[in-house]
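Reviewing the structure listed below.
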Amino acid sequence: MLAVCETGDVGMKNKEKTNVMRVLDRKKISYESYNYEPDATMSGEEIAAMLGEDAEKVFKTLVTQGKSGQHYVFVVPVEEELDLKKAAIAAGEKSVGMIKQKELLPLTGYVHGGCSPIGMKKQFPTFIHETARQFDRMFVSAGKVGFQIELSPEDLAETIDCKFVDIV
């Protein structure tokens, strides 16, 4: 079951707002929120299908660590894989690697499957795959498993400091 809610809509199931939604509300950024019954085995492509959207418009958030020890966030379409060499070049690092799943929550405040580029405990350098700019609206996690938000790439860039680059 998919519930669709506009910004500020009190009709959301359980009227629940995530930290991501509160950040966007504070910044007066327009978005739509979607929530669904999460399934631990659900892929990004299945979430896109549930939303009725092409997988190229639905993005996942990946957290890495560079050789220097600095952390970086990469936002890529759910149907694509992050190219670690391109990611390292974008970040100005010799190499980057994915962080361990157990490190995600203490580092970002988010769990696997609910990680959003918005509202992390600390804002890390963030890179969004350049294809996001070709869409009027894109989808990212709303910071909790079972929750997605739809917003414009420009509004996302206004909310977080990021660069649009080829990283897949």
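In the structure tokens, each chain is lettered A, B, ... as it comes, each chain's residues begin at 1, and ligands are numbered from 1 in order of appearance.
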
- Task: Mind the document's chain letters and residue numbers, and return as number ranges by chain the residues of stretch 80-131 of chain A that DSSP labels alpha helix (DSSP H).
- Result: A: 84-91, 101-108

- Residue contacts of A:Tyr72 (6 Å, only C-alpha atoms) excluding same-chain residues fewer than 6 positions away, as a list of chain:residue names: A:Val63, A:Thr64, A:Phe124, A:Pro125, A:Thr126

- Test item: residues at most 10 Å from stretch 99-101 of chain A, only C-alpha atoms, excluding those fewer than 2 positions along its chain, as an MDAnalysis selection string: chainID A and resid 62:66 71:72 96:97 103:105 107 111:112

- Between atom CA of A:Met120 and atom CA of A:Ala49 lies a distance of 26.7 Å

- Long-range neighbours of A:Leu51 as number ranges by chain, 10 Å cut-off, only C-alpha atoms, 2 positions minimum in chain: A: 2-4, 34-36, 45-49, 53-55, 58, 139, 148

- Could you give me, as JSON, numbers by chain, each residue of chain A that DSSP assigns to strand (DSSP E or B) when run on this structure's backbone? {"A": [2, 3, 4, 5, 6, 32, 33, 34, 35, 36, 58, 59, 60, 61, 62, 63, 64, 65, 66, 71, 72, 73, 74, 75, 76, 77, 96, 97, 98, 126, 127, 128, 129, 138, 139, 140, 141, 147, 148, 149, 150, 151, 162, 163, 164, 165]}

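What separates atom CA of A:Val78 from atom CA of A:His129 is a distance of 11.0 Å.
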